[in-house]
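Participant: Just one file: run_3.pdb, with PDB, C-alpha atoms.
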```pdb
ATOM      1  CA  MET A   1     -16.798 -12.037 -55.168  1.00  0.00           C
ATOM      2  CA  GLY A   2     -18.120  -9.740 -52.456  1.00  0.00           C
ATOM      3  CA  ILE A   3     -17.341 -12.319 -49.776  1.00  0.00           C
ATOM      4  CA  ILE A   4     -13.777 -12.725 -51.089  1.00  0.00           C
ATOM      5  CA  LEU A   5     -13.183  -8.966 -51.057  1.00  0.00           C
ATOM      6  CA  LYS A   6     -14.489  -8.702 -47.492  1.00  0.00           C
ATOM      7  CA  ALA A   7     -12.225 -11.536 -46.398  1.00  0.00           C
ATOM      8  CA  LEU A   8      -9.231  -9.912 -48.103  1.00  0.00           C
ATOM      9  CA  ALA A   9     -10.046  -6.587 -46.448  1.00  0.00           C
ATOM     10  CA  SER A  10     -10.150  -8.301 -43.038  1.00  0.00           C
ATOM     11  CA  VAL A  11      -6.755  -9.904 -43.612  1.00  0.00           C
ATOM     12  CA  LEU A  12      -5.202  -6.606 -44.699  1.00  0.00           C
ATOM     13  CA  THR A  13      -6.697  -4.801 -41.707  1.00  0.00           C
ATOM     14  CA  PHE A  14      -5.203  -7.393 -39.379  1.00  0.00           C
ATOM     15  CA  CYS A  15      -1.790  -7.206 -41.041  1.00  0.00           C
ATOM     16  CA  PHE A  16      -1.622  -3.423 -40.882  1.00  0.00           C
ATOM     17  CA  ALA A  17      -2.681  -3.529 -37.229  1.00  0.00           C
ATOM     18  CA  VAL A  18      -0.050  -6.102 -36.310  1.00  0.00           C
ATOM     19  CA  LEU A  19       2.902  -4.719 -38.315  1.00  0.00           C
ATOM     20  CA  PRO A  20       3.565  -1.737 -35.994  1.00  0.00           C
ATOM     21  CA  VAL A  21       3.360  -4.091 -33.042  1.00  0.00           C
ATOM     22  CA  LEU A  22       5.911  -6.444 -34.584  1.00  0.00           C
ATOM     23  CA  SER A  23       8.373  -3.672 -35.333  1.00  0.00           C
ATOM     24  CA  ALA A  24       7.965  -2.270 -31.833  1.00  0.00           C
ATOM     25  CA  TYR A  25       8.586  -5.695 -30.343  1.00  0.00           C
ATOM     26  CA  ALA A  26      11.858  -6.055 -32.247  1.00  0.00           C
ATOM     27  CA  ALA A  27      13.299  -3.023 -30.433  1.00  0.00           C
ATOM     28  CA  GLU A  28      14.732  -4.420 -27.217  1.00  0.00           C
ATOM     29  CA  PRO A  29      15.545  -1.972 -24.407  1.00  0.00           C
ATOM     30  CA  GLU A  30      19.155  -0.814 -24.290  1.00  0.00           C
ATOM     31  CA  ARG A  31      21.463  -0.790 -21.315  1.00  0.00           C
ATOM     32  CA  PRO A  32      21.525   2.646 -19.623  1.00  0.00           C
ATOM     33  CA  ASP A  33      24.274   5.058 -20.579  1.00  0.00           C
ATOM     34  CA  VAL A  34      27.035   4.826 -17.970  1.00  0.00           C
ATOM     35  CA  ASN A  35      29.450   7.293 -19.581  1.00  0.00           C
ATOM     36  CA  ALA A  36      27.713  10.619 -19.021  1.00  0.00           C
ATOM     37  CA  ILE A  37      29.917  13.471 -17.808  1.00  0.00           C
ATOM     38  CA  PHE A  38      28.831  15.523 -14.792  1.00  0.00           C
ATOM     39  CA  ASP A  39      30.141  18.512 -12.892  1.00  0.00           C
ATOM     40  CA  ILE A  40      33.066  18.167 -10.484  1.00  0.00           C
ATOM     41  CA  GLU A  41      30.856  17.809  -7.421  1.00  0.00           C
ATOM     42  CA  LYS A  42      28.809  14.974  -8.902  1.00  0.00           C
ATOM     43  CA  GLU A  43      31.874  13.163 -10.248  1.00  0.00           C
ATOM     44  CA  ARG A  44      33.490  13.440  -6.821  1.00  0.00           C
ATOM     45  CA  LYS A  45      30.381  11.976  -5.209  1.00  0.00           C
ATOM     46  CA  ILE A  46      30.481   9.030  -7.599  1.00  0.00           C
ATOM     47  CA  GLU A  47      34.142   8.345  -6.765  1.00  0.00           C
ATOM     48  CA  GLU A  48      33.421   8.624  -3.043  1.00  0.00           C
ATOM     49  CA  ILE A  49      30.569   6.119  -3.152  1.00  0.00           C
ATOM     50  CA  ALA A  50      32.521   3.752  -5.421  1.00  0.00           C
ATOM     51  CA  GLY A  51      35.029   3.372  -2.580  1.00  0.00           C
ATOM     52  CA  LEU A  52      32.432   2.247  -0.052  1.00  0.00           C
ATOM     53  CA  SER A  53      31.424  -1.308   0.789  1.00  0.00           C
ATOM     54  CA  PRO A  54      28.687  -2.696  -1.490  1.00  0.00           C
ATOM     55  CA  GLY A  55      25.971  -2.438   1.159  1.00  0.00           C
ATOM     56  CA  LYS A  56      26.806   1.136   2.128  1.00  0.00           C
ATOM     57  CA  ALA A  57      27.071   2.197  -1.495  1.00  0.00           C
ATOM     58  CA  PHE A  58      23.702   0.627  -2.317  1.00  0.00           C
ATOM     59  CA  ASN A  59      22.080   2.612   0.493  1.00  0.00           C
ATOM     60  CA  ARG A  60      23.701   5.849  -0.671  1.00  0.00           C
ATOM     61  CA  PHE A  61      22.089   5.417  -4.076  1.00  0.00           C
ATOM     62  CA  LYS A  62      18.754   6.201  -2.380  1.00  0.00           C
ATOM     63  CA  ASP A  63      19.845   9.850  -2.025  1.00  0.00           C
ATOM     64  CA  ILE A  64      17.473  12.167  -3.820  1.00  0.00           C
ATOM     65  CA  ASP A  65      20.260  13.380  -6.161  1.00  0.00           C
ATOM     66  CA  PHE A  66      20.417   9.893  -7.662  1.00  0.00           C
ATOM     67  CA  LEU A  67      16.694   9.164  -7.631  1.00  0.00           C
ATOM     68  CA  ILE A  68      15.890  12.185  -9.796  1.00  0.00           C
ATOM     69  CA  ASN A  69      18.711  11.673 -12.314  1.00  0.00           C
ATOM     70  CA  ASP A  70      18.783   8.325 -14.146  1.00  0.00           C
ATOM     71  CA  SER A  71      22.114   8.945 -15.875  1.00  0.00           C
ATOM     72  CA  PHE A  72      23.782  10.013 -12.638  1.00  0.00           C
ATOM     73  CA  LEU A  73      22.525   6.898 -10.841  1.00  0.00           C
ATOM     74  CA  SER A  74      23.445   4.572 -13.711  1.00  0.00           C
ATOM     75  CA  LYS A  75      27.012   5.854 -13.879  1.00  0.00           C
ATOM     76  CA  ALA A  76      27.406   5.646 -10.095  1.00  0.00           C
ATOM     77  CA  ILE A  77      26.142   2.052 -10.057  1.00  0.00           C
ATOM     78  CA  PHE A  78      28.502   1.079 -12.867  1.00  0.00           C
ATOM     79  CA  LYS A  79      31.523   2.751 -11.249  1.00  0.00           C
ATOM     80  CA  THR A  80      30.746   1.116  -7.914  1.00  0.00           C
ATOM     81  CA  PHE A  81      29.992  -2.414  -9.045  1.00  0.00           C
ATOM     82  CA  HIS A  82      31.690  -2.964 -12.420  1.00  0.00           C
ATOM     83  CA  THR A  83      34.514  -4.912 -10.737  1.00  0.00           C
ATOM     84  CA  ARG A  84      32.180  -6.619  -8.269  1.00  0.00           C
ATOM     85  CA  LYS A  85      29.034  -7.182 -10.302  1.00  0.00           C
ATOM     86  CA  ALA A  86      27.978 -10.294  -8.390  1.00  0.00           C
ATOM     87  CA  GLU A  87      27.795  -8.310  -5.147  1.00  0.00           C
ATOM     88  CA  GLY A  88      25.785  -5.486  -6.668  1.00  0.00           C
ATOM     89  CA  ILE A  89      23.348  -7.844  -8.380  1.00  0.00           C
ATOM     90  CA  ALA A  90      22.984  -9.906  -5.183  1.00  0.00           C
ATOM     91  CA  LEU A  91      21.971  -6.776  -3.261  1.00  0.00           C
ATOM     92  CA  ALA A  92      19.480  -5.798  -5.938  1.00  0.00           C
ATOM     93  CA  LEU A  93      17.933  -9.267  -6.072  1.00  0.00           C
ATOM     94  CA  ALA A  94      17.752  -9.554  -2.278  1.00  0.00           C
ATOM     95  CA  SER A  95      15.625  -6.419  -2.108  1.00  0.00           C
ATOM     96  CA  LEU A  96      13.044  -8.100  -4.347  1.00  0.00           C
ATOM     97  CA  SER A  97      12.170 -10.435  -1.465  1.00  0.00           C
ATOM     98  CA  SER A  98      10.511  -7.633   0.521  1.00  0.00           C
ATOM     99  CA  PRO A  99       7.184  -5.948  -0.254  1.00  0.00           C
ATOM    100  CA  VAL A 100       7.182  -2.589  -2.001  1.00  0.00           C
ATOM    101  CA  PHE A 101       4.226  -1.442   0.125  1.00  0.00           C
ATOM    102  CA  GLU A 102       3.128  -2.531   3.591  1.00  0.00           C
ATOM    103  CA  GLN A 103       0.127  -1.427   5.605  1.00  0.00           C
ATOM    104  CA  LYS A 104       0.229  -1.881   9.368  1.00  0.00           C
ATOM    105  CA  ASN A 105      -2.153  -0.323  11.853  1.00  0.00           C
ATOM    106  CA  GLY A 106      -3.536   1.898   9.134  1.00  0.00           C
ATOM    107  CA  LEU A 107      -0.102   3.255   8.173  1.00  0.00           C
ATOM    108  CA  LEU A 108       1.296   2.704   4.691  1.00  0.00           C
ATOM    109  CA  THR A 109       5.053   2.327   4.280  1.00  0.00           C
ATOM    110  CA  SER A 110       6.865   2.304   0.948  1.00  0.00           C
ATOM    111  CA  ARG A 111      10.166   0.936  -0.356  1.00  0.00           C
ATOM    112  CA  THR A 112       9.847   2.456  -3.815  1.00  0.00           C
ATOM    113  CA  ASP A 113      13.238   4.183  -3.560  1.00  0.00           C
ATOM    114  CA  GLU A 114      15.028   0.910  -2.804  1.00  0.00           C
ATOM    115  CA  MET A 115      13.139  -0.877  -5.574  1.00  0.00           C
ATOM    116  CA  PHE A 116      14.134   1.854  -8.003  1.00  0.00           C
ATOM    117  CA  VAL A 117      17.825   1.440  -7.115  1.00  0.00           C
ATOM    118  CA  SER A 118      17.502  -2.343  -7.442  1.00  0.00           C
ATOM    119  CA  ARG A 119      15.874  -2.042 -10.844  1.00  0.00           C
ATOM    120  CA  LYS A 120      18.529   0.363 -12.132  1.00  0.00           C
ATOM    121  CA  THR A 121      21.309  -1.935 -10.869  1.00  0.00           C
ATOM    122  CA  LEU A 122      19.841  -4.853 -12.815  1.00  0.00           C
ATOM    123  CA  GLU A 123      19.449  -2.654 -15.900  1.00  0.00           C
ATOM    124  CA  VAL A 124      23.104  -1.551 -15.749  1.00  0.00           C
ATOM    125  CA  PHE A 125      24.274  -5.196 -15.724  1.00  0.00           C
ATOM    126  CA  PRO A 126      21.589  -6.936 -17.827  1.00  0.00           C
ATOM    127  CA  GLU A 127      23.484  -9.997 -19.038  1.00  0.00           C
ATOM    128  CA  GLU A 128      24.674 -10.881 -15.555  1.00  0.00           C
ATOM    129  CA  ALA A 129      21.258 -10.152 -14.027  1.00  0.00           C
ATOM    130  CA  ALA A 130      19.134 -12.310 -16.357  1.00  0.00           C
ATOM    131  CA  SER A 131      19.930 -15.689 -14.786  1.00  0.00           C
ATOM    132  CA  GLY A 132      19.472 -14.316 -11.269  1.00  0.00           C
ATOM    133  CA  LEU A 133      16.071 -12.882 -12.134  1.00  0.00           C
ATOM    134  CA  TRP A 134      14.962 -16.236 -13.530  1.00  0.00           C
ATOM    135  CA  GLU A 135      16.204 -18.035 -10.404  1.00  0.00           C
ATOM    136  CA  PHE A 136      14.401 -15.628  -8.079  1.00  0.00           C
ATOM    137  CA  TYR A 137      11.235 -15.959 -10.129  1.00  0.00           C
ATOM    138  CA  LYS A 138      11.259 -19.764 -10.116  1.00  0.00           C
ATOM    139  CA  ASN A 139      11.968 -20.072  -6.382  1.00  0.00           C
ATOM    140  CA  GLY A 140      10.198 -17.036  -4.943  1.00  0.00           C
ATOM    141  CA  ASN A 141       6.773 -16.590  -3.405  1.00  0.00           C
ATOM    142  CA  ALA A 142       4.097 -14.583  -5.215  1.00  0.00           C
ATOM    143  CA  MET A 143       5.289 -11.250  -3.824  1.00  0.00           C
ATOM    144  CA  THR A 144       8.884 -11.910  -4.864  1.00  0.00           C
ATOM    145  CA  ARG A 145       7.807 -13.073  -8.319  1.00  0.00           C
ATOM    146  CA  GLY A 146       5.789  -9.898  -8.741  1.00  0.00           C
ATOM    147  CA  ASN A 147       8.790  -7.778  -7.784  1.00  0.00           C
ATOM    148  CA  VAL A 148      10.954  -9.696 -10.251  1.00  0.00           C
ATOM    149  CA  ILE A 149       8.526  -8.873 -13.054  1.00  0.00           C
ATOM    150  CA  ARG A 150       8.465  -5.202 -12.049  1.00  0.00           C
ATOM    151  CA  ALA A 151      12.251  -5.100 -12.027  1.00  0.00           C
ATOM    152  CA  SER A 152      12.660  -6.933 -15.346  1.00  0.00           C
ATOM    153  CA  GLY A 153      10.605  -4.700 -17.609  1.00  0.00           C
ATOM    154  CA  GLN A 154      13.479  -2.570 -18.939  1.00  0.00           C
ATOM    155  CA  VAL A 155      16.371  -5.011 -18.450  1.00  0.00           C
ATOM    156  CA  ALA A 156      18.097  -5.457 -21.813  1.00  0.00           C
ATOM    157  CA  GLY A 157      18.433  -9.204 -21.419  1.00  0.00           C
ATOM    158  CA  GLY A 158      17.121 -10.183 -24.841  1.00  0.00           C
ATOM    159  CA  LYS A 159      15.343 -13.521 -25.189  1.00  0.00           C
ATOM    160  CA  ALA A 160      15.920 -14.554 -21.573  1.00  0.00           C
ATOM    161  CA  ILE A 161      14.037 -11.560 -20.195  1.00  0.00           C
ATOM    162  CA  ALA A 162      11.379 -11.718 -22.927  1.00  0.00           C
ATOM    163  CA  ASP A 163      10.738 -15.377 -22.048  1.00  0.00           C
ATOM    164  CA  LEU A 164      10.486 -14.494 -18.351  1.00  0.00           C
ATOM    165  CA  LEU A 165       7.920 -11.745 -18.916  1.00  0.00           C
ATOM    166  CA  ILE A 166       5.881 -13.779 -21.398  1.00  0.00           C
ATOM    167  CA  SER A 167       5.804 -16.854 -19.154  1.00  0.00           C
ATOM    168  CA  ALA A 168       4.524 -14.666 -16.308  1.00  0.00           C
ATOM    169  CA  LEU A 169       1.377 -13.927 -18.333  1.00  0.00           C
ATOM    170  CA  ASP A 170       0.156 -17.360 -17.151  1.00  0.00           C
ATOM    171  CA  ASP A 171       0.872 -16.675 -13.462  1.00  0.00           C
ATOM    172  CA  LYS A 172      -2.438 -15.650 -11.859  1.00  0.00           C
ATOM    173  CA  ASP A 173      -1.255 -15.450  -8.249  1.00  0.00           C
ATOM    174  CA  PHE A 174      -2.001 -12.194  -6.456  1.00  0.00           C
ATOM    175  CA  CYS A 175       1.256 -10.467  -5.542  1.00  0.00           C
ATOM    176  CA  GLU A 176       0.229  -7.184  -3.927  1.00  0.00           C
ATOM    177  CA  VAL A 177      -1.224  -6.355  -0.541  1.00  0.00           C
ATOM    178  CA  GLU A 178      -4.655  -4.802  -0.307  1.00  0.00           C
ATOM    179  CA  ILE A 179      -4.465  -1.095   0.464  1.00  0.00           C
ATOM    180  CA  ASP A 180      -7.478   0.611   1.982  1.00  0.00           C
ATOM    181  CA  GLU A 181      -7.191   3.717  -0.190  1.00  0.00           C
ATOM    182  CA  VAL A 182      -6.859   1.757  -3.459  1.00  0.00           C
ATOM    183  CA  PRO A 183     -10.167   0.530  -4.959  1.00  0.00           C
ATOM    184  CA  GLY A 184     -10.567  -2.857  -6.586  1.00  0.00           C
ATOM    185  CA  MET A 185      -8.669  -6.112  -6.297  1.00  0.00           C
ATOM    186  CA  PRO A 186      -4.850  -6.144  -6.000  1.00  0.00           C
ATOM    187  CA  LEU A 187      -2.793  -6.889  -9.089  1.00  0.00           C
ATOM    188  CA  ARG A 188      -1.705 -10.379 -10.042  1.00  0.00           C
ATOM    189  CA  ILE A 189       1.657 -11.373 -11.470  1.00  0.00           C
ATOM    190  CA  CYS A 190       0.115 -11.755 -14.954  1.00  0.00           C
ATOM    191  CA  ASP A 191      -1.263  -8.204 -14.696  1.00  0.00           C
ATOM    192  CA  LEU A 192       2.197  -6.848 -13.914  1.00  0.00           C
ATOM    193  CA  ALA A 193       3.691  -8.881 -16.768  1.00  0.00           C
ATOM    194  CA  TYR A 194       1.119  -7.422 -19.165  1.00  0.00           C
ATOM    195  CA  ASN A 195       1.972  -3.870 -18.090  1.00  0.00           C
ATOM    196  CA  GLN A 196       5.716  -4.455 -18.390  1.00  0.00           C
ATOM    197  CA  LEU A 197       5.493  -6.075 -21.830  1.00  0.00           C
ATOM    198  CA  VAL A 198       3.297  -3.313 -23.270  1.00  0.00           C
ATOM    199  CA  LEU A 199       5.693  -0.688 -21.913  1.00  0.00           C
ATOM    200  CA  ARG A 200       8.868  -2.595 -22.843  1.00  0.00           C
ATOM    201  CA  TYR A 201       7.926  -3.042 -26.489  1.00  0.00           C
ATOM    202  CA  LYS A 202       5.653   0.012 -26.843  1.00  0.00           C
ATOM    203  CA  ILE A 203       2.930  -2.287 -28.147  1.00  0.00           C
ATOM    204  CA  ARG A 204       0.115  -0.429 -29.865  1.00  0.00           C
ATOM    205  CA  ASN A 205      -3.608  -1.006 -30.225  1.00  0.00           C
ATOM    206  CA  VAL A 206      -3.935  -2.607 -26.793  1.00  0.00           C
ATOM    207  CA  LEU A 207      -5.008  -1.479 -23.330  1.00  0.00           C
ATOM    208  CA  ARG A 208      -2.087   0.574 -22.049  1.00  0.00           C
ATOM    209  CA  THR A 209      -2.184  -0.510 -18.400  1.00  0.00           C
ATOM    210  CA  ILE A 210      -4.077  -3.013 -16.276  1.00  0.00           C
ATOM    211  CA  GLY A 211      -5.050  -1.436 -12.968  1.00  0.00           C
ATOM    212  CA  THR A 212      -6.816  -2.551  -9.808  1.00  0.00           C
ATOM    213  CA  SER A 213     -10.093  -1.022 -10.979  1.00  0.00           C
ATOM    214  CA  TYR A 214     -10.465  -3.653 -13.721  1.00  0.00           C
ATOM    215  CA  LYS A 215     -12.394  -6.845 -12.999  1.00  0.00           C
ATOM    216  CA  LEU A 216     -10.469 -10.100 -13.322  1.00  0.00           C
ATOM    217  CA  GLU A 217     -12.500 -11.093 -16.385  1.00  0.00           C
ATOM    218  CA  THR A 218     -11.551  -7.832 -18.097  1.00  0.00           C
ATOM    219  CA  ARG A 219      -7.881  -8.284 -17.196  1.00  0.00           C
ATOM    220  CA  ASP A 220      -7.870 -11.846 -18.555  1.00  0.00           C
ATOM    221  CA  TYR A 221      -9.503 -10.666 -21.773  1.00  0.00           C
ATOM    222  CA  HIS A 222      -6.751  -8.124 -22.477  1.00  0.00           C
ATOM    223  CA  ILE A 223      -3.994 -10.532 -21.429  1.00  0.00           C
ATOM    224  CA  ALA A 224      -5.367 -13.071 -23.929  1.00  0.00           C
ATOM    225  CA  ILE A 225      -5.212 -10.440 -26.691  1.00  0.00           C
ATOM    226  CA  LEU A 226      -1.597  -9.671 -25.855  1.00  0.00           C
ATOM    227  CA  LYS A 227      -0.654 -13.357 -25.752  1.00  0.00           C
ATOM    228  CA  ASP A 228      -2.116 -13.850 -29.229  1.00  0.00           C
ATOM    229  CA  MET A 229      -0.068 -10.922 -30.530  1.00  0.00           C
ATOM    230  CA  LEU A 230       3.138 -12.189 -28.957  1.00  0.00           C
ATOM    231  CA  GLN A 231       2.867 -15.618 -30.582  1.00  0.00           C
ATOM    232  CA  GLY A 232       3.896 -14.234 -33.960  1.00  0.00           C
ATOM    233  CA  MET A 233       6.625 -11.931 -32.779  1.00  0.00           C
ATOM    234  CA  PRO A 234      10.346 -12.566 -33.350  1.00  0.00           C
ATOM    235  CA  TYR A 235      12.887 -12.261 -30.560  1.00  0.00           C
TER     236      TYR A 235
END
```
Would you kindly transcribe this structure into structure tokens?
Facilitator:
Amino acid sequence: MGIILKALASVLTFCFAVLPVLSAYAAEPERPDVNAIFDIEKERKIEEIAGLSPGKAFNRFKDIDFLINDSFLSKAIFKTFHTRKAEGIALALASLSSPVFEQKNGLLTSRTDEMFVSRKTLEVFPEEAASGLWEFYKNGNAMTRGNVIRASGQVAGGKAIADLLISALDDKDFCEVEIDEVPGMPLRICDLAYNQLVLRYKIRNVLRTIGTSYKLETRDYHIAILKDMLQGMPY
């Protein structure tokens, strides 16, 4: 009888631990709000940029006013590309083929602003972006695949994006450059996928983020835990 009660207690403990994870997983990210109302100056800036060529508009989105205001950027992207989505998405995807960080002659350069604009563009047009993200992932090198995973984390693409992120948990290629100031080994694609999935679905009772300071064995251990959890989750 004691053995049966212990077994039952173990089952109940597991169920109560997994239930919040399951309910969190069911909540897919939503497309950003593109209907916010701003002051006259900001609305005028949106209209001005919407009249530019796709390439020029994309570069203007790197202005600090957009980078610090998600709603402002989302509305500007929608206004600019809603009638030419393919062009906007193509620009966003193309930027994923370049490294976010580069170190040359001891100098570190960053493209985080461009990556942020690319990610927001894909989030504003999630249904149209999903197939392009898959294509870039399948055909890209390790760096490109890593950037695709970074960019996909909050794209409201439903099952297509969930499948992409989950499949990347098996991709152990390194996708980041080594940076002198950053200790440990660079991140792999599976590490990035883990981080994006935990953030995307607000998964509880797991390691919040895999960083470069963790040994590969430790990273693989936590990825295996997440993969086991995901097997029973609906999407």
Participant: Please determine, counting all atoms listed in the file, which residue among A:Leu207, A:Ala129, A:Ile223, A:Leu93 has the shortest atom-to-atom distance to Ser167 (chain A).
Facilitator: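 The shortest atom-to-atom distance to Ser167 (chain A) comes from A:Ile223.
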Participant: So, counting all atoms listed in the file, which residue among A:Val206, A:Ala36, A:Val177, A:Leu73 is closest to Pro99 (chain A)?
Facilitator: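 Residue with the minimum atom-to-atom distance to Pro99 (chain A): A:Val177.
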Participant: What is the CA of Asp163 (chain A)-CA of Arg150 (chain A) distance in Å, reported with one decimal?
Facilitator: 14.4 Å
Participant: Just how far from CA of Met143 (chain A) is CA of Cys175 (chain A), in Å to one decimal?
Facilitator: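 Value for the CA of Cys175 (chain A)-CA of Met143 (chain A) distance: 4.5 Å.
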Participant: Looking at all atoms listed in the file, which of A:Tyr194, A:Phe38, A:Tyr201, A:Tyr214 is the one that sits closest to Leu226 (chain A)?
Facilitator: A:Tyr194
Participant: Mind giving me the straight-line distance from CA of Glu123 (chain A) to CA of Glu87 (chain A) in Å, one decimal?
Facilitator: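 Value for the CA of Glu123 (chain A)-CA of Glu87 (chain A) distance: 14.7 Å.
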Participant: Would you please work out which residue, of A:Ser152, A:Asn35, A:Thr109, A:Asn141, is nearest to Thr121 (chain A) when using all atoms listed in the file?
Facilitator: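 Smallest separation from Thr121 (chain A) among the options: A:Ser152.
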